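Taking it in order: structure first as C-alpha cells, then the write-up.
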Amino acid sequence: MTDDALSVGVLGYGFMGDAHANALRTLPTFFADAPAVSLDVLVGRDEAAVSDAADRLGFDSVATDWREVVDEADVFYNLGPNSVHVDPTIAALEADTHVLCEKPLAPTLDGAQRMADAAASSDAHAGIGFNYRFVPAVRYAKRLVDAGALGDIRHARFRYLQDWLVDADAPWSWRLDDRR
C-alpha cells in the first residue's frame, strides 16, 4: 500500500464482494485518473470463510466484527446481507468514513431514515449502488430526455425484465417478497 492509497474496508464476500473487489482492482484499466486503492480488510462472520475469501480477493487482513474496523478505512463498502445494512453504515458515517452501501438500503423506513440522518450529519460521502443506471438502454433514454427529443414528458413507466428468477429451483430472494 502506498501512503496516498485509499484504504478500503469491505463487509461481505458473497457475489457483491467479488464484484466490488474486482472493480476496485481493475479501476486503473478503465480510468487513468483512478486513485490508488488498498484492499485492507474484509469482514465476515465466519473466520475461516472470510479468510479464504480474503486470500481469493486480495485483501490484506480480515475481521469478524465490523465494529472493530469500520472507522479504520477511508472507505467502507457495506455489501453484507440486507439485514446488516443499517447499523454498520450508520457507524461508519458517524466515524466520518465514506460509505457505499448496496441495495436495498434498509429493510424498514425507520432504518433508511436513520441512515439518511447519519449521512446528513457526517462529513463523509454516502452512496448506494444503483448499477442499472449505467445499462446502455438507460443511458440512451437519458440522452434522449436531456436532448428534448421526446418532448415534454408527463408520465413514464419502465420495466426491466429478467429471467433469472423464473427457475423454480432458484433460491428464495428478497426480490421475491411482494410485501417490500
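Chains: A, B, ... in order of the C-alpha cells. Residues: from 1 per chain. Ligands: from 1, in order shown.
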
Practice task
Would you list the contacts of region 24-33 of chain A as a PyMOL selection string, taking every protein, DNA or RNA residue within 10 Å and counting only C-alpha atoms, but skipping same-chain residues closer than 5 positions in sequence?
Solution key: chain A and resi 8+19+38-39+57-58

Selected residues written out with N, CA, C and O atoms, as a PDB file, in the first residue's frame:
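And here is the file that came out, out_11.pdb:
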ATOM      1  N   VAL A   8      -9.528   0.625   1.904  1.00  0.00           N
ATOM      2  CA  VAL A   8     -10.892   0.136   1.716  1.00  0.00           C
ATOM      3  C   VAL A   8     -11.164  -1.018   2.672  1.00  0.00           C
ATOM      4  O   VAL A   8     -10.381  -1.963   2.764  1.00  0.00           O
ATOM      5  N   ALA A  19     -17.687  -8.856  -6.856  1.00  0.00           N
ATOM      6  CA  ALA A  19     -17.854  -7.844  -7.903  1.00  0.00           C
ATOM      7  C   ALA A  19     -17.140  -6.543  -7.544  1.00  0.00           C
ATOM      8  O   ALA A  19     -16.433  -5.964  -8.377  1.00  0.00           O
ATOM      9  N   SER A  38      -6.163   0.376  -1.713  1.00  0.00           N
ATOM     10  CA  SER A  38      -5.615  -0.724  -0.940  1.00  0.00           C
ATOM     11  C   SER A  38      -6.767  -1.504  -0.318  1.00  0.00           C
ATOM     12  O   SER A  38      -7.542  -0.953   0.471  1.00  0.00           O
ATOM     13  N   LEU A  39      -6.901  -2.761  -0.702  1.00  0.00           N
ATOM     14  CA  LEU A  39      -7.936  -3.619  -0.123  1.00  0.00           C
ATOM     15  C   LEU A  39      -7.435  -4.083   1.240  1.00  0.00           C
ATOM     16  O   LEU A  39      -6.770  -5.097   1.360  1.00  0.00           O
ATOM     17  N   LEU A  57      -9.666 -12.810  -2.914  1.00  0.00           N
ATOM     18  CA  LEU A  57      -9.982 -11.478  -3.424  1.00  0.00           C
ATOM     19  C   LEU A  57      -8.843 -10.471  -3.280  1.00  0.00           C
ATOM     20  O   LEU A  57      -8.918  -9.374  -3.816  1.00  0.00           O
ATOM     21  N   GLY A  58      -7.817 -10.820  -2.520  1.00  0.00           N
ATOM     22  CA  GLY A  58      -6.655  -9.940  -2.407  1.00  0.00           C
ATOM     23  C   GLY A  58      -6.692  -8.935  -1.268  1.00  0.00           C
ATOM     24  O   GLY A  58      -6.051  -7.889  -1.360  1.00  0.00           O
TER      25      GLY A  58
END

Problem - Arg45 (chain A) environment, 12 Å, only C-alpha atoms, sequence neighbours closer than 6 positions dropped, as a ChimeraX atom specification - result: /A:11-13,51,53,62-67,80-81,84

Handout entry: Those of region 45-174 of chain A in DSSP strand (DSSP E), formatted as a ChimeraX atom specification
Key = /A:61-63,75-78,98-101,126-128

Deliver the residues from the most recent selection as a file, using C-alpha atoms, as a PDB file, in the first residue's frame.
ATOM      1  CA  SER A  61      -6.474  -8.706   6.594  1.00  0.00           C
ATOM      2  CA  VAL A  62      -9.769  -9.986   7.934  1.00  0.00           C
ATOM      3  CA  ALA A  63     -12.123  -9.207  10.797  1.00  0.00           C
ATOM      4  CA  VAL A  75     -13.996   3.954   2.502  1.00  0.00           C
ATOM      5  CA  PHE A  76     -16.333   1.287   3.866  1.00  0.00           C
ATOM      6  CA  TYR A  77     -18.286  -0.906   1.456  1.00  0.00           C
ATOM      7  CA  ASN A  78     -21.341  -2.437   3.112  1.00  0.00           C
ATOM      8  CA  HIS A  98     -17.087   7.313   3.364  1.00  0.00           C
ATOM      9  CA  VAL A  99     -19.658   4.587   2.652  1.00  0.00           C
ATOM     10  CA  LEU A 100     -21.044   2.727  -0.306  1.00  0.00           C
ATOM     11  CA  CYS A 101     -23.993   0.556   0.745  1.00  0.00           C
ATOM     12  CA  ALA A 126     -22.529   8.188   1.343  1.00  0.00           C
ATOM     13  CA  GLY A 127     -23.660   6.315  -1.733  1.00  0.00           C
ATOM     14  CA  ILE A 128     -25.770   3.385  -2.817  1.00  0.00           C
TER      15      ILE A 128
END

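Checking A:Ala170, A:His125, A:Ala92, A:Val86 one by one against Ala106 (chain A), counting only C-alpha atoms, you find the shortest gap at A:Val86.
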
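Checking A:Asp55, A:Asp87, A:Asp96, A:Glu47 one by one against Met115 (chain A), counting only C-alpha atoms, you find the shortest gap at A:Asp87.
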
Excluding same-chain residues fewer than 3 positions from region 154-168 of chain A, what lies within 12 Å of it counting only C-alpha atoms, as a compact mmCIF listing (two decimals) with C-alpha atoms, in the first residue's frame?
# COMPACT_ATOMS: atom_id res chain seq x y z
CA TYR A 132 -28.72 -0.29 -13.64
CA ARG A 133 -28.40 3.41 -14.31
CA VAL A 135 -27.18 -0.01 -18.63
CA ALA A 137 -30.55 1.46 -22.81
CA VAL A 138 -30.98 3.58 -19.68
CA ALA A 141 -33.01 7.12 -22.73
CA VAL A 145 -34.65 13.14 -22.47
CA LEU A 150 -39.08 13.12 -26.51
CA GLY A 151 -40.83 16.42 -25.89
CA PRO A 171 -33.12 -19.89 -4.04
CA TRP A 172 -35.59 -17.50 -2.43
CA SER A 173 -34.54 -13.87 -2.60
CA TRP A 174 -35.75 -10.63 -1.03
CA ARG A 175 -36.69 -9.61 -4.57
CA LEU A 176 -39.48 -12.21 -4.47

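Going from CA of Glu94 (chain A) over to CA of Val10 (chain A), you cover 16.9 Å.
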
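Near Pro107 (chain A), within 9 Å and counting only C-alpha atoms, sit Asn82, Ser83, His85, Val86, Gly111, Ala112 and Arg180 of chain A; same-chain residues fewer than 4 positions away were not included.
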